[in-house]
Amino acid sequence: VSRVRAACDARDEGPQDIVIMARTDARASEGLDEAIRRCQEFVKAGADITFLEAPLDEEEMLRYCLEVPGYKMANMLPSGKTPILPECRLEEIGFAIAAYPLTLLSVGMRAQEQALQLLKDGQSTSALELDFEALKERVGFNAYYREEERYQAR
């Protein structure tokens, strides 16, 4: 809790616009009661968001949300200990934020594997691809080209 308090003091005393998220992994080693107690202490210390790692079921998730004031984050990790719930249910329970830390990585890797298999099989990958203009915009090429034009010799 002292580290959270120090971070909150730094946030409050400085000119930075910082959000403090305080996390506890105590559920695994100390139990749900202790993890909730720690989150309550984090809120008292000034944390903006609490994150109780790995509640085991929806009942534990609900209890955390009911007993800890303020914003809470759910970690939606495939094959993790916490059940993956739809966004609307997470909001009903009391979560303000949901993180999906491996979802895009996993989906992206699967798409890469599919594209590589298609290429290996001599097939087109066009159905998986963005059109070139959309790709240039998302990667930032168009912004780069606009900036480059500002400095062209005239």
# chains A, B, ... in the order shown; residues from 1 in each chain; ligands from 1

$ residues_around --residues "stretch 12-27 of chain A" --least-positions-apart "5" --cutoff "12 Å" --atoms "only C-alpha atoms" --output "number ranges by chain"
A: 1-7, 32-57, 60-61, 64, 70-75, 81-82, 97

$ select_by_dssp --residues "stretch 116-148 of chain A" --states "alpha helix (DSSP H)" --output "list in words"
Leu116, Gln117, Leu118, Leu119, Lys120, Phe132, Glu133, Ala134, Leu135, Lys136, Glu137, Arg138, Val139, Phe141, Asn142, Ala143, Tyr144, Tyr145, Arg146, Glu147 and Glu148 of chain A

$ select_by_dssp --residues "stretch 7-134 of chain A" --states "strand (DSSP E or B)" --output "CSV table (one decimal) with all heavy atoms, in the first residue's frame"
chain,number,residue,atom,x,y,z
A,21,MET,N,-3.2,2.7,-11.3
A,21,MET,CA,-3.9,1.4,-11.2
A,21,MET,C,-3.1,0.6,-10.2
A,21,MET,O,-1.9,0.3,-10.4
A,21,MET,CB,-4.0,0.7,-12.5
A,21,MET,CG,-4.7,-0.7,-12.4
A,21,MET,SD,-4.7,-1.6,-13.9
A,21,MET,CE,-5.5,-0.6,-15.0
A,22,ALA,N,-3.8,0.1,-9.2
A,22,ALA,CA,-3.1,-0.7,-8.2
A,22,ALA,C,-3.6,-2.2,-8.3
A,22,ALA,O,-4.8,-2.4,-8.3
A,22,ALA,CB,-3.5,-0.2,-6.8
A,23,ARG,N,-2.6,-3.1,-8.4
A,23,ARG,CA,-2.9,-4.5,-8.6
A,23,ARG,C,-2.5,-5.3,-7.4
A,23,ARG,O,-1.5,-5.1,-6.8
A,23,ARG,CB,-2.1,-4.9,-9.9
A,23,ARG,CG,-2.1,-6.4,-10.1
A,23,ARG,CD,-1.1,-6.8,-11.2
A,23,ARG,NE,-1.0,-8.2,-11.3
A,23,ARG,CZ,-0.8,-8.8,-12.4
A,23,ARG,NH1,-0.8,-8.2,-13.6
A,23,ARG,NH2,-0.7,-10.1,-12.5
A,24,THR,N,-3.3,-6.4,-7.2
A,24,THR,CA,-2.9,-7.3,-6.2
A,24,THR,C,-3.0,-8.7,-6.8
A,24,THR,O,-4.0,-9.0,-7.5
A,24,THR,CB,-3.7,-7.3,-4.9
A,24,THR,OG1,-3.1,-8.2,-4.0
A,24,THR,CG2,-5.1,-7.5,-5.1
A,49,ILE,N,-7.8,3.2,-10.0
A,49,ILE,CA,-8.4,1.9,-10.5
A,49,ILE,C,-7.7,0.8,-9.7
A,49,ILE,O,-6.6,0.8,-9.3
A,49,ILE,CB,-8.0,1.7,-12.0
A,49,ILE,CG1,-8.4,2.9,-12.8
A,49,ILE,CG2,-8.5,0.4,-12.5
A,49,ILE,CD1,-7.8,2.9,-14.2
A,50,THR,N,-8.5,-0.2,-9.4
A,50,THR,CA,-8.0,-1.4,-8.7
A,50,THR,C,-8.1,-2.6,-9.7
A,50,THR,O,-9.0,-2.6,-10.5
A,50,THR,CB,-8.6,-1.8,-7.4
A,50,THR,OG1,-10.0,-2.0,-7.6
A,50,THR,CG2,-8.4,-0.7,-6.4
A,51,PHE,N,-7.2,-3.5,-9.5
A,51,PHE,CA,-7.1,-4.7,-10.3
A,51,PHE,C,-6.8,-5.9,-9.4
A,51,PHE,O,-5.7,-6.0,-8.9
A,51,PHE,CB,-6.1,-4.5,-11.4
A,51,PHE,CG,-5.7,-5.7,-12.2
A,51,PHE,CD1,-6.6,-6.8,-12.4
A,51,PHE,CD2,-4.5,-5.8,-12.8
A,51,PHE,CE1,-6.3,-7.9,-13.2
A,51,PHE,CE2,-4.1,-6.9,-13.6
A,51,PHE,CZ,-5.0,-8.0,-13.7
A,52,LEU,N,-7.8,-6.7,-9.2
A,52,LEU,CA,-7.7,-7.9,-8.4
A,52,LEU,C,-7.4,-9.1,-9.4
A,52,LEU,O,-8.3,-9.4,-10.2
A,52,LEU,CB,-8.9,-8.2,-7.6
A,52,LEU,CG,-8.9,-9.3,-6.5
A,52,LEU,CD1,-9.9,-9.1,-5.5
A,52,LEU,CD2,-9.0,-10.7,-7.1
A,71,TYR,N,-13.3,2.5,-9.6
A,71,TYR,CA,-13.1,1.8,-10.9
A,71,TYR,C,-12.3,0.5,-10.7
A,71,TYR,O,-11.4,0.5,-10.0
A,71,TYR,CB,-12.4,2.7,-11.9
A,71,TYR,CG,-13.2,3.9,-12.3
A,71,TYR,CD1,-12.8,5.2,-11.8
A,71,TYR,CD2,-14.3,3.8,-13.1
A,71,TYR,CE1,-13.5,6.3,-12.2
A,71,TYR,CE2,-15.0,4.9,-13.5
A,71,TYR,CZ,-14.6,6.2,-13.0
A,71,TYR,OH,-15.3,7.3,-13.3
A,72,LYS,N,-12.8,-0.5,-11.4
A,72,LYS,CA,-12.1,-1.8,-11.3
A,72,LYS,C,-11.9,-2.3,-12.7
A,72,LYS,O,-12.7,-2.1,-13.7
A,72,LYS,CB,-13.0,-2.8,-10.6
A,72,LYS,CG,-13.0,-2.5,-9.1
A,72,LYS,CD,-14.2,-3.1,-8.4
A,72,LYS,CE,-15.5,-2.4,-8.5
A,72,LYS,NZ,-15.7,-1.1,-8.0
A,73,MET,N,-10.8,-3.1,-12.9
A,73,MET,CA,-10.4,-3.7,-14.2
A,73,MET,C,-10.5,-5.2,-14.1
A,73,MET,O,-10.1,-5.8,-13.1
A,73,MET,CB,-9.0,-3.3,-14.6
A,73,MET,CG,-8.6,-3.8,-16.0
A,73,MET,SD,-7.0,-3.4,-16.5
A,73,MET,CE,-6.1,-4.9,-15.9
A,74,ALA,N,-11.1,-5.8,-15.2
A,74,ALA,CA,-11.1,-7.2,-15.3
A,74,ALA,C,-10.1,-7.6,-16.4
A,74,ALA,O,-9.9,-6.9,-17.4
A,74,ALA,CB,-12.5,-7.7,-15.8
A,75,ASN,N,-9.4,-8.7,-16.1
A,75,ASN,CA,-8.4,-9.2,-17.0
A,75,ASN,C,-8.9,-10.4,-17.7
A,75,ASN,O,-9.1,-11.5,-17.1
A,75,ASN,CB,-7.1,-9.5,-16.3
A,75,ASN,CG,-5.9,-9.8,-17.2
A,75,ASN,OD1,-5.8,-9.3,-18.3
A,75,ASN,ND2,-4.9,-10.5,-16.7
A,97,ILE,N,-13.4,-1.3,-16.7
A,97,ILE,CA,-12.3,-1.6,-17.8
A,97,ILE,C,-12.2,-3.1,-17.9
A,97,ILE,O,-12.2,-3.8,-16.9
A,97,ILE,CB,-11.0,-1.0,-17.3
A,97,ILE,CG1,-11.1,0.5,-17.1
A,97,ILE,CG2,-9.9,-1.3,-18.3
A,97,ILE,CD1,-9.9,1.1,-16.4
A,98,ALA,N,-12.0,-3.5,-19.1
A,98,ALA,CA,-11.7,-4.9,-19.4
A,98,ALA,C,-10.4,-4.9,-20.3
A,98,ALA,O,-10.4,-4.3,-21.3
A,98,ALA,CB,-12.8,-5.7,-20.1
A,99,ALA,N,-9.4,-5.7,-19.9
A,99,ALA,CA,-8.2,-5.9,-20.7
A,99,ALA,C,-8.2,-7.2,-21.3
A,99,ALA,O,-8.6,-8.2,-20.7
A,99,ALA,CB,-7.0,-5.7,-19.8

$ atom_distance --atom1 "atom CA of A:Glu58" --atom2 "atom CA of A:Tyr100"
17.1 Å

$ closest_residue --among "A:Pro101, A:Gly94, A:Gly31, A:Gly140" --to "A:Met76" --atoms "only C-alpha atoms"
A:Pro101

$ closest_residue --among "A:Gly80, A:Ala111, A:Cys88, A:Arg138" --to "A:Thr125" --atoms "only C-alpha atoms"
A:Ala111
